[in-house]
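File shown here: run28.txt, holding compact mmCIF, C-alpha atoms and all ligand atoms.
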```txt
# COMPACT_ATOMS: atom_id res chain seq x y z
CA MET A 1 0.00 0.00 0.00
CA SER A 2 2.82 2.23 -0.56
CA GLY A 3 2.45 4.42 -3.48
CA ASP A 4 1.44 7.81 -4.55
CA ARG A 5 0.55 10.13 -1.71
CA ASN A 6 -2.11 11.65 -3.92
CA GLN A 7 -3.66 8.29 -4.52
CA LEU A 8 -7.17 8.17 -3.02
CA ARG A 9 -7.86 5.55 -0.40
CA PRO A 10 -11.17 3.79 0.31
CA GLU A 11 -11.36 5.48 3.71
CA ASP A 12 -11.20 8.88 2.00
CA LEU A 13 -14.31 8.07 0.04
CA ILE A 14 -16.17 6.64 3.01
CA GLY A 15 -15.09 9.59 5.09
CA ALA A 16 -16.52 12.03 2.57
CA ILE A 17 -19.71 10.02 2.41
CA ASN A 18 -20.10 9.82 6.18
CA ALA A 19 -19.65 13.56 6.41
CA ALA A 20 -22.31 14.19 3.77
CA TYR A 21 -24.83 11.71 5.23
CA GLY A 22 -24.63 12.85 8.83
CA ASN A 23 -28.15 14.32 8.68
CA PHE A 24 -29.78 11.50 6.76
CA ASP A 25 -31.01 9.66 9.85
CA ARG A 26 -32.61 12.73 11.30
CA GLU A 27 -34.16 13.75 8.03
CA ILE A 28 -35.74 10.42 7.26
CA GLU A 29 -36.98 9.87 10.79
CA ARG A 30 -38.70 13.23 10.69
CA LEU A 31 -41.09 11.67 8.16
CA PRO A 32 -43.66 9.58 10.06
CA ASP A 33 -44.96 6.23 8.80
CA THR A 34 -48.54 7.30 9.35
CA SER A 35 -50.18 10.72 9.28
CA GLU A 36 -53.22 12.46 10.65
CA SER A 37 -54.60 12.84 7.13
CA LEU A 38 -54.36 11.63 3.58
CA GLU A 39 -53.08 15.03 2.48
CA ALA A 40 -50.34 15.07 5.15
CA ALA A 41 -49.18 11.60 4.13
CA GLU A 42 -49.06 12.64 0.48
CA LYS A 43 -46.94 15.63 1.45
CA HIS A 44 -44.56 13.38 3.40
CA LEU A 45 -44.29 11.09 0.39
CA ARG A 46 -43.24 14.04 -1.77
CA GLU A 47 -40.66 15.04 0.85
CA LEU A 48 -39.35 11.49 0.79
CA GLN A 49 -38.86 11.71 -3.00
CA ASP A 50 -36.82 14.86 -2.39
CA LEU A 51 -34.69 12.95 0.09
CA ARG A 52 -34.15 10.18 -2.44
CA ILE A 53 -32.88 12.68 -4.99
CA LYS A 54 -30.73 14.41 -2.42
CA TYR A 55 -29.08 11.23 -1.09
CA LEU A 56 -29.24 8.82 -4.03
CA GLY A 57 -29.64 11.07 -7.08
CA LYS A 58 -27.15 11.93 -9.79
CA LYS A 59 -25.79 14.86 -7.87
CA SER A 60 -25.63 13.10 -4.50
CA GLU A 61 -22.37 12.60 -2.62
CA LEU A 62 -22.75 8.86 -3.20
CA ALA A 63 -22.78 9.36 -6.96
CA THR A 64 -19.78 11.67 -6.74
CA GLN A 65 -17.77 9.28 -4.63
CA LYS A 66 -18.74 6.29 -6.77
CA LYS A 67 -17.12 7.98 -9.74
CA LEU A 68 -13.91 8.36 -7.72
CA ILE A 69 -13.54 4.62 -7.22
CA ARG A 70 -11.63 4.59 -10.50
CA SER A 71 -8.97 6.78 -8.94
CA ILE A 72 -8.26 4.33 -6.16
CA ASP A 73 -5.32 2.00 -6.19
CA PRO A 74 -6.55 -1.02 -8.12
CA THR A 75 -5.71 -3.38 -5.26
CA ARG A 76 -8.13 -1.53 -2.96
CA ARG A 77 -10.85 -0.66 -5.44
CA GLY A 78 -12.86 -3.74 -4.54
CA GLU A 79 -12.89 -2.77 -0.88
CA ALA A 80 -13.98 0.76 -1.73
CA GLY A 81 -16.64 -0.52 -4.09
CA SER A 82 -18.19 -2.95 -1.65
CA ASN A 83 -18.13 -0.43 1.20
CA ILE A 84 -19.88 2.18 -0.89
CA GLN A 85 -22.35 -0.39 -2.21
CA LYS A 86 -23.22 -1.50 1.33
CA PHE A 87 -23.74 2.08 2.34
CA GLU A 88 -25.92 2.72 -0.69
CA GLN A 89 -27.98 -0.37 0.07
CA THR A 90 -28.60 0.77 3.62
CA ILE A 91 -29.74 4.22 2.53
CA THR A 92 -31.90 2.81 -0.26
CA GLN A 93 -33.52 0.29 2.09
CA ARG A 94 -34.35 2.99 4.62
CA ILE A 95 -36.00 5.09 1.90
CA VAL A 96 -37.91 2.13 0.43
CA ASP A 97 -39.18 1.09 3.87
CA LYS A 98 -40.43 4.56 4.56
CA GLU A 99 -41.97 4.80 1.12
CA GLN A 100 -43.86 1.57 1.59
CA ALA A 101 -45.16 2.64 4.97
CA LEU A 102 -46.42 5.95 3.61
CA LYS A 103 -47.95 4.41 0.48
CA HIS A 104 -49.72 1.84 2.59
CA PHE A 105 -51.18 4.56 4.76
CA ILE A 106 -52.25 6.62 1.72
CA GLU A 107 -53.93 3.63 0.13
CA ASN A 108 -55.93 2.90 3.27
CA ALA A 109 -56.87 6.53 3.71
CA ARG A 110 -58.18 6.67 0.13
CA VAL A 111 -60.25 3.54 0.49
CA GLU A 112 -61.70 4.84 3.70
CA ARG A 113 -62.56 8.18 2.17
CA GLU A 114 -64.24 6.63 -0.87
CA SER A 115 -66.06 3.88 0.91
CA ILE A 116 -69.75 4.26 1.66
CA ASP A 117 -70.86 4.62 5.22
CA VAL A 118 -73.85 2.29 5.21
CA THR A 119 -75.03 3.67 8.55
CA LEU A 120 -75.70 7.13 7.07
CA PRO A 121 -79.31 7.88 6.11
CA GLY A 122 -79.77 7.62 2.33
CA ARG A 123 -80.75 10.41 0.00
CA ARG A 124 -84.33 9.82 -0.99
CA PRO A 125 -85.15 10.18 -4.68
CA ARG A 126 -87.87 12.73 -5.30
CA PRO A 127 -90.27 11.05 -7.67
CA GLY A 128 -92.21 13.31 -10.00
CA HIS A 129 -95.97 13.41 -10.07
CA LEU A 130 -98.75 14.83 -12.17
CA HIS A 131 -99.54 18.53 -12.10
CA PRO A 132 -102.81 19.44 -10.33
CA ILE A 133 -104.21 20.79 -13.61
CA THR A 134 -103.41 17.47 -15.29
CA LEU A 135 -105.08 15.59 -12.44
CA MET A 136 -108.16 17.79 -12.76
CA ARG A 137 -108.19 17.39 -16.54
CA GLN A 138 -108.01 13.61 -16.21
CA ARG A 139 -110.93 13.55 -13.76
CA ILE A 140 -112.99 15.60 -16.22
CA GLU A 141 -111.97 13.43 -19.17
CA ASP A 142 -112.83 10.24 -17.30
CA ILE A 143 -116.34 11.47 -16.61
CA PHE A 144 -117.05 12.51 -20.18
CA VAL A 145 -115.42 9.45 -21.70
CA SER A 146 -117.74 7.31 -19.57
CA LEU A 147 -120.65 9.33 -21.02
CA GLY A 148 -119.52 8.42 -24.53
CA TYR A 149 -117.50 11.51 -25.46
CA ALA A 150 -114.29 11.41 -27.48
CA VAL A 151 -111.33 13.47 -26.31
CA GLU A 152 -110.08 15.83 -29.03
CA ASP A 153 -106.85 17.72 -29.21
CA ASP A 154 -106.10 20.50 -31.64
CA ARG A 155 -103.88 23.40 -32.58
CA GLU A 156 -103.21 26.38 -30.32
CA ILE A 157 -102.38 28.75 -33.18
CA GLU A 158 -105.42 29.50 -35.29
CA THR A 159 -106.66 31.42 -38.25
CA ASP A 160 -109.33 34.05 -37.75
CA PHE A 161 -111.76 31.64 -39.37
CA TYR A 162 -111.58 29.09 -36.56
CA ASN A 163 -111.04 31.52 -33.71
CA PHE A 164 -113.80 33.94 -34.74
CA ASP A 165 -115.65 33.69 -38.09
CA ALA A 166 -116.80 30.09 -37.81
CA LEU A 167 -117.86 30.76 -34.23
CA ASN A 168 -120.20 33.49 -35.38
CA ILE A 169 -118.11 36.20 -33.77
CA PRO A 170 -118.74 39.20 -36.02
CA GLU A 171 -116.12 41.57 -37.46
CA GLY A 172 -115.44 44.33 -34.98
CA HIS A 173 -116.32 42.18 -31.95
CA PRO A 174 -114.14 43.27 -29.00
CA ALA A 175 -112.70 39.74 -28.65
CA ARG A 176 -110.98 40.25 -32.03
CA ASP A 177 -109.19 43.32 -30.72
CA PRO A 178 -105.41 42.84 -30.49
CA GLN A 179 -105.85 44.25 -27.00
CA ASP A 180 -107.59 40.99 -26.10
CA THR A 181 -106.12 38.37 -28.42
CA PHE A 182 -102.47 37.58 -29.11
CA TYR A 183 -101.60 37.67 -32.80
CA THR A 184 -98.48 36.36 -34.46
CA THR A 185 -96.66 38.77 -36.78
CA ASP A 186 -98.08 36.91 -39.79
CA GLY A 187 -101.65 37.31 -38.61
CA PHE A 188 -102.46 34.07 -36.81
CA ALA A 189 -104.24 34.16 -33.47
CA LEU A 190 -103.29 32.22 -30.34
CA ARG A 191 -106.67 30.64 -29.71
CA SER A 192 -108.57 32.58 -27.10
CA GLN A 193 -110.98 29.73 -26.40
CA THR A 194 -111.16 25.99 -26.97
CA SER A 195 -114.42 26.56 -28.89
CA THR A 196 -112.22 26.49 -32.02
CA VAL A 197 -112.07 22.72 -31.67
CA GLN A 198 -115.84 22.50 -32.19
CA ILE A 199 -115.29 23.47 -35.82
CA HIS A 200 -112.30 21.17 -36.35
CA ALA A 201 -114.14 18.24 -34.79
CA MET A 202 -117.27 18.70 -36.89
CA GLN A 203 -115.20 19.10 -40.05
CA ARG A 204 -113.26 15.96 -39.24
CA ARG A 205 -116.03 13.75 -37.92
CA GLY A 206 -119.15 15.24 -39.42
CA ALA A 207 -122.37 14.77 -37.45
CA PRO A 208 -123.37 13.23 -35.14
CA VAL A 209 -120.41 14.05 -32.89
CA ARG A 210 -119.79 14.00 -29.18
CA MET A 211 -116.46 15.28 -27.98
CA ILE A 212 -114.60 17.23 -25.33
CA ALA A 213 -111.43 19.21 -25.99
CA PRO A 214 -109.25 20.16 -23.06
CA GLY A 215 -106.41 22.56 -23.75
CA ARG A 216 -104.63 25.84 -23.34
CA VAL A 217 -106.04 29.18 -24.35
CA PHE A 218 -104.48 32.63 -24.44
CA ARG A 219 -105.75 36.08 -23.66
CA ARG A 220 -104.06 39.40 -23.18
CA ASP A 221 -105.02 39.66 -19.53
CA THR A 222 -102.79 41.33 -16.99
CA PRO A 223 -101.82 38.60 -14.53
CA ASP A 224 -103.49 38.94 -11.15
CA PRO A 225 -104.78 36.48 -8.53
CA THR A 226 -107.70 35.45 -10.78
CA HIS A 227 -106.18 35.94 -14.27
CA ASN A 228 -103.30 34.49 -16.22
CA PRO A 229 -102.60 35.18 -19.92
CA MET A 230 -102.54 31.41 -20.51
CA PHE A 231 -105.05 29.11 -18.90
CA TYR A 232 -106.93 25.84 -19.43
CA GLN A 233 -110.42 25.21 -20.66
CA VAL A 234 -112.33 22.13 -21.62
CA GLU A 235 -114.76 22.47 -24.49
CA GLY A 236 -117.72 20.14 -24.90
CA LEU A 237 -119.81 19.52 -28.02
CA CYS A 238 -122.71 17.22 -28.68
CA VAL A 239 -124.41 17.29 -32.09
CA ASP A 240 -127.05 14.80 -33.07
CA ARG A 241 -130.64 14.50 -34.21
CA GLY A 242 -133.10 15.93 -31.73
CA ILE A 243 -130.63 17.39 -29.22
CA THR A 244 -132.32 19.89 -26.92
CA MET A 245 -131.53 22.12 -23.98
CA ALA A 246 -132.72 19.29 -21.75
CA HIS A 247 -129.76 17.18 -22.90
CA LEU A 248 -127.40 20.01 -22.07
CA LYS A 249 -128.85 20.41 -18.59
CA GLY A 250 -128.89 16.70 -17.92
CA THR A 251 -125.32 16.26 -19.10
CA LEU A 252 -123.86 19.07 -16.99
CA ALA A 253 -125.94 18.06 -13.98
CA GLU A 254 -124.57 14.53 -14.27
CA PHE A 255 -121.06 15.89 -14.68
CA VAL A 256 -121.04 18.02 -11.51
CA GLN A 257 -122.61 15.21 -9.51
CA ARG A 258 -119.85 12.86 -10.55
CA LEU A 259 -117.19 15.48 -9.91
CA PHE A 260 -118.40 16.93 -6.60
CA GLY A 261 -120.92 14.41 -5.25
CA LEU A 262 -124.53 13.35 -5.80
CA GLU A 263 -125.96 16.16 -3.67
CA THR A 264 -124.55 18.79 -6.06
CA LYS A 265 -127.20 20.90 -7.80
CA THR A 266 -126.92 22.94 -11.01
CA ARG A 267 -128.35 26.30 -11.93
CA PHE A 268 -128.63 27.82 -15.42
CA ARG A 269 -128.65 31.57 -15.88
CA PRO A 270 -129.55 33.15 -19.21
CA SER A 271 -126.52 34.64 -20.90
CA TYR A 272 -125.11 35.53 -24.28
CA PHE A 273 -122.42 33.97 -26.45
CA PRO A 274 -122.17 34.52 -30.22
CA PHE A 275 -121.78 30.78 -30.88
CA THR A 276 -124.84 29.60 -28.92
CA GLU A 277 -128.50 30.46 -28.94
CA PRO A 278 -129.94 30.30 -26.37
CA SER A 279 -126.95 30.64 -24.07
CA ALA A 280 -126.60 29.98 -20.39
CA GLU A 281 -124.09 30.41 -17.64
CA VAL A 282 -123.89 27.31 -15.42
CA ASP A 283 -123.37 27.29 -11.66
CA TYR A 284 -123.14 24.36 -9.25
CA SER A 285 -124.02 24.34 -5.57
CA CYS A 286 -120.97 24.87 -3.34
CA PHE A 287 -119.18 21.59 -2.60
CA SER A 288 -118.11 22.94 0.75
CA CYS A 289 -121.24 24.43 2.38
CA GLY A 290 -123.85 22.94 0.04
CA GLY A 291 -125.87 26.15 -0.12
CA PRO A 292 -125.96 28.42 2.95
CA GLY A 293 -122.78 30.20 1.86
CA CYS A 294 -119.18 30.11 2.98
CA ARG A 295 -115.79 31.58 2.18
CA ILE A 296 -115.25 29.26 -0.79
CA CYS A 297 -118.45 30.23 -2.65
CA LYS A 298 -118.04 33.83 -1.50
CA TRP A 299 -121.21 33.48 0.59
CA SER A 300 -123.45 32.88 -2.42
CA GLY A 301 -123.90 29.10 -2.12
CA TRP A 302 -123.08 28.78 -5.86
CA ILE A 303 -119.89 28.45 -7.86
CA GLU A 304 -119.57 29.28 -11.55
CA LEU A 305 -118.79 26.34 -13.81
CA GLY A 306 -118.70 27.98 -17.24
CA GLY A 307 -120.65 28.93 -20.35
CA SER A 308 -122.98 26.79 -22.43
CA GLY A 309 -125.83 26.83 -24.88
CA MET A 310 -127.41 25.40 -27.99
CA VAL A 311 -124.97 25.56 -30.89
CA HIS A 312 -125.86 28.49 -33.17
CA PRO A 313 -126.97 27.36 -36.65
CA ASN A 314 -124.29 29.60 -38.17
CA VAL A 315 -121.65 27.56 -36.36
CA LEU A 316 -123.06 24.27 -37.63
CA ARG A 317 -123.22 25.70 -41.12
CA ALA A 318 -119.60 26.93 -40.94
CA ALA A 319 -118.60 23.32 -40.31
CA ASN A 320 -120.91 21.98 -43.07
CA VAL A 321 -123.37 20.31 -40.71
CA ASP A 322 -126.94 20.14 -41.96
CA THR A 323 -128.98 22.39 -39.66
CA GLU A 324 -132.24 20.84 -40.82
CA GLU A 325 -131.18 17.45 -39.55
CA PHE A 326 -128.95 18.26 -36.58
CA THR A 327 -128.92 20.36 -33.46
CA GLY A 328 -126.37 20.44 -30.69
CA PHE A 329 -125.27 21.83 -27.40
CA ALA A 330 -121.86 23.07 -26.34
CA PHE A 331 -120.15 24.19 -23.19
CA GLY A 332 -116.81 25.59 -22.07
CA LEU A 333 -115.44 25.13 -18.57
CA GLY A 334 -112.36 26.50 -16.85
CA ILE A 335 -110.07 23.69 -15.67
CA ASP A 336 -107.66 25.79 -13.63
CA ARG A 337 -110.47 27.87 -12.22
CA THR A 338 -112.20 24.73 -10.94
CA CYS A 339 -108.85 23.48 -9.67
CA ALA A 340 -108.29 26.72 -7.75
CA ARG A 341 -111.73 26.43 -6.16
CA ILE A 342 -111.32 22.85 -5.08
CA TYR A 343 -107.91 23.42 -3.53
CA GLN A 344 -108.88 26.86 -2.24
CA LEU A 345 -105.98 28.61 -3.92
CA ASP A 346 -106.18 32.33 -3.44
CA ASP A 347 -103.94 32.96 -6.45
CA ILE A 348 -104.48 31.10 -9.73
CA ARG A 349 -100.92 31.92 -10.81
CA LEU A 350 -99.64 29.34 -8.33
CA LEU A 351 -100.77 26.77 -10.90
CA PHE A 352 -98.48 28.20 -13.57
CA GLU A 353 -95.31 29.10 -11.71
CA ASN A 354 -94.09 25.52 -11.29
CA ASP A 355 -92.73 26.10 -7.82
CA VAL A 356 -91.98 22.60 -6.55
CA ARG A 357 -92.72 23.60 -2.95
CA PHE A 358 -96.29 24.30 -4.05
CA LEU A 359 -96.66 21.45 -6.53
CA GLU A 360 -95.37 18.69 -4.28
CA GLN A 361 -98.48 19.05 -2.13
CA PHE A 362 -100.45 17.38 -4.91
CA ARG A 363 -98.47 14.17 -4.88
N1 LIG A 401 -115.81 30.04 -25.15
C1 LIG A 401 -116.40 30.61 -23.96
C2 LIG A 401 -115.33 31.35 -23.17
O1 LIG A 401 -114.19 31.14 -23.41
C3 LIG A 401 -116.98 29.54 -23.12
C4 LIG A 401 -118.14 28.89 -23.77
C5 LIG A 401 -119.41 29.40 -23.63
C6 LIG A 401 -117.97 27.78 -24.57
C7 LIG A 401 -120.50 28.82 -24.20
C8 LIG A 401 -119.07 27.17 -25.17
C9 LIG A 401 -120.32 27.71 -24.98
O2 LIG A 401 -118.97 26.09 -25.91
O3 LIG A 401 -121.40 27.09 -25.56
O4 LIG A 401 -115.67 32.10 -22.34
```
Is it possible to express this structure as C-alpha cells?
Amino acid sequence: MSGDRNQLRPEDLIGAINAAYGNFDREIERLPDTSESLEAAEKHLRELQDLRIKYLGKKSELATQKKLIRSIDPTRRGEAGSNIQKFEQTITQRIVDKEQALKHFIENARVERESIDVTLPGRRPRPGHLHPITLMRQRIEDIFVSLGYAVEDDREIETDFYNFDALNIPEGHPARDPQDTFYTTDGFALRSQTSTVQIHAMQRRGAPVRMIAPGRVFRRDTPDPTHNPMFYQVEGLCVDRGITMAHLKGTLAEFVQRLFGLETKTRFRPSYFPFTEPSAEVDYSCFSCGGPGCRICKWSGWIELGGSGMVHPNVLRAANVDTEEFTGFAFGLGIDRTCARIYQLDDIRLLFENDVRFLEQFR
C-alpha cells in the first residue's frame, strides 16, 4: 500500500460520504410512517422523493464518490466498491421502507374516504308526479269518456276563421281586438278559447259528434290572482238529431254530480255567447257548504262552472253540418279555475309558476 501520496484511499471516500450523510437519519426519521390525514401523508411522500434525490440522485455525494472509485489503487478498489455499495444499500432500504409505509397509509386513507358509510341515512329520490291541472283534466276526461265523449286535441295557433268567423263572432267584436287576443306577426291568433275545436271536430267527424277538448287558451289579460294570460279550458260539443236544452242540462248536472258528489245541484242563468242560442251560464251548488254560503263560494252558495248553450246554426253551417237534420249543445269550462276552487288557492298563478314547494303538495 505504498504508493502515490495523492492516490485516493477507500477510507477517503467513506469519510466524505459519512460527512455528507450525517443528517440522513434525522431527516428520514422526521417523516412519520402514518399521518393524521391523507393530504399530510401525500406531502410526506413528496418530501421522501426529495430525500431520495438528495441522497441517491445523480448529484448526491454517493454518486460523486462512486465515480472516484476509478482513482483508487486497483488493489483496494474492490474494498472501496463494496463499502460504498453496502452504504448505498442501507440508505436505499431505509428510503424504500419509509416509502412503503407511507404508500400503505395513503392507500388505506383513500379507500376509507371513498367507501360508503352504510349507517348514514340515504338520499331519498324525489319522484315526480302529475300537475294538479293534469289531475283535474283527467278527472274531467274520465267522466265525459264514460258518457260516450271522445277526447279531441287540436292546434293552439289558429286562423281568424276558426277563432272567430266560424264561431259566429262578427267583425269588430271586442274579442278580435289585439288588446284581447295575441296575434303572431303573420296574422295568426293564439286561440282565445277551446271553442275552435268544435269546428275542427265537426269538419273531421261530421255529425253526429260527441267530444270534449281540453287545452290551453291565451288572452291578453294582466296577470293577477284570478287571471293568467294562458289558462286551461275544456270544451264540450254534442251534435245529433233531436238534441235539446234538456240534454245540455242533464249532461252538466250529471257531470257536476260525478265530480263533486250526488248532492250537487246545477243552476242555469240566461246569458249571451255569439256561438250559442240560447246561451246559459252554469253554476253548481258549493261543494263545501252545500248552499248556505261560505268563504269558498263567497257566501253565495253557488260556484260558476262555465258557459254553455245550444250551438248556433251559423256555427253548424260553418262546419258543413246540416242544420235541418242536426242540433247540438256546447259548453266551455275552466279547468284551472275549478282546480283553484277545489284546492282553495287564493292565487291562480300558483298553478303556472311551477314552484316545486307548491306542486309537491299534490303528490
Ligand atoms: N268560449 C267561452 C269562453 O271562453 C266559453 C263557452 C261558452 C264555450 C259557451 C261554449 C259555450 O262552448 O257554448 O268564455
Give me the region 168-209 of chain A side of the contact with region 325-340 of chain A, cut-off 8 Å, one line per residue showing its nearest atom pair and distance in Å at one decimal, counting all atoms listed in the file, sorted by chain and residue number, as CSV.
```
residue,atom,partner,partner_atom,distance
A:Thr194,CA,A:Gly332,CA,7.5
A:Ser195,CA,A:Gly332,CA,7.3
A:Ala207,CA,A:Phe326,CA,7.5
A:Pro208,CA,A:Phe326,CA,7.6
```
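Computed from the coordinates, the CA of Ala201 (chain A) to CA of Gly215 (chain A) distance equals 14.2 Å.
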Within 8 Å of ligand LIG 401 (chain A), which residues show up when you count only C-alpha atoms and all ligand atoms? List them as a PyMOL selection string, please. chain A and resi 192-195+198+233+235-237+273+275-276+279-281+306-311+329-333
For Val197 (chain A), find every residue with an atom within 12 Å (counting all atoms listed in the file), except residues of its own chain fewer than 3 positions away, and show them as a ChimeraX atom specification. /A:151-158,161-164,166-167,191-194,200-205,210-217,233-237,315,319,330-332
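Between Ala40 (chain A) and the residues A:Leu102, A:Asp160, A:Glu27, A:Val282, the shortest atom-to-atom distance, using only C-alpha atoms, involves A:Leu102.
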Tell me which residues come within 10 Å of (-16.0, 7.2, 3.2), as a PDB file with C-alpha atoms, in the coordinates of the input, counting all atoms listed in the file in the file's coordinates.
```pdb
ATOM      1  CA  ARG A   9      -7.860   5.550  -0.400  1.00  0.00           C
ATOM      2  CA  PRO A  10     -11.170   3.790   0.310  1.00  0.00           C
ATOM      3  CA  GLU A  11     -11.360   5.480   3.710  1.00  0.00           C
ATOM      4  CA  ASP A  12     -11.200   8.880   2.000  1.00  0.00           C
ATOM      5  CA  LEU A  13     -14.310   8.070   0.040  1.00  0.00           C
ATOM      6  CA  ILE A  14     -16.170   6.640   3.010  1.00  0.00           C
ATOM      7  CA  GLY A  15     -15.090   9.590   5.090  1.00  0.00           C
ATOM      8  CA  ALA A  16     -16.520  12.030   2.570  1.00  0.00           C
ATOM      9  CA  ILE A  17     -19.710  10.020   2.410  1.00  0.00           C
ATOM     10  CA  ASN A  18     -20.100   9.820   6.180  1.00  0.00           C
ATOM     11  CA  ALA A  19     -19.650  13.560   6.410  1.00  0.00           C
ATOM     12  CA  ALA A  20     -22.310  14.190   3.770  1.00  0.00           C
ATOM     13  CA  LEU A  62     -22.750   8.860  -3.200  1.00  0.00           C
ATOM     14  CA  GLN A  65     -17.770   9.280  -4.630  1.00  0.00           C
ATOM     15  CA  ALA A  80     -13.980   0.760  -1.730  1.00  0.00           C
ATOM     16  CA  ASN A  83     -18.130  -0.430   1.200  1.00  0.00           C
ATOM     17  CA  ILE A  84     -19.880   2.180  -0.890  1.00  0.00           C
ATOM     18  CA  PHE A  87     -23.740   2.080   2.340  1.00  0.00           C
TER      19      PHE A  87
END
```
Can you tell me how far CA of Thr264 (chain A) sits from CA of Cys286 (chain A), in Å to one decimal?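 Separating CA of Thr264 (chain A) from CA of Cys286 (chain A) is a distance of 7.6 Å.
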Out of A:Asp283, A:Asp346, A:Glu79, A:Glu29, which residue has the shortest atom-to-atom distance to Glu304 (chain A) when counting only C-alpha atoms?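 Residue with the minimum atom-to-atom distance to Glu304 (chain A): A:Asp283.
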Using CA of Ile169 (chain A) and CA of Ile140 (chain A) as the two end points, give the distance in Å to one decimal.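 That distance, rounded to one decimal, is 27.5 Å.
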So, with all atoms listed in the file as the atoms that count, which of A:Ser37, A:Pro274, A:Ser146, A:Ile91 lies closest to Tyr21 (chain A)? A:Ile91
Around region 85-99 of chain A, fit a box with edges along x, y and z, padding it by 4 Å on each side, then list its centre and edge lengths in Å to one decimal as AutoDock Vina command-line options.
```
--center_x -32.2 --center_y 1.8 --center_z 1.2 --size_x 27.6 --size_y 14.6 --size_z 14.8
```
All residues 9 Å or closer to Thr92 (chain A), only C-alpha atoms, same chain fewer than 3 positions away omitted, as a PyMOL selection string: chain A and resi 52+55-56+87-89+95-97
Could you tell me which of A:Arg110, A:Asn354, A:Gly22, A:Gly301 comes closest to Glu61 (chain A) if we count only C-alpha atoms?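 Ranked by minimum distance to Glu61 (chain A), first place goes to A:Gly22.
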Taking into account only C-alpha atoms, which residue in the set A:Asp355, A:Arg26, A:Leu8, A:Thr119 is nearest to Ile72 (chain A)?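 Nearest candidate to Ile72 (chain A) out of A:Asp355, A:Arg26, A:Leu8, A:Thr119: A:Leu8.
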Among the residues A:Ala41, A:Leu48, A:Leu259, A:Ala175, the one that comes closest to Lys98 (chain A) [using all atoms listed in the file]: A:Leu48
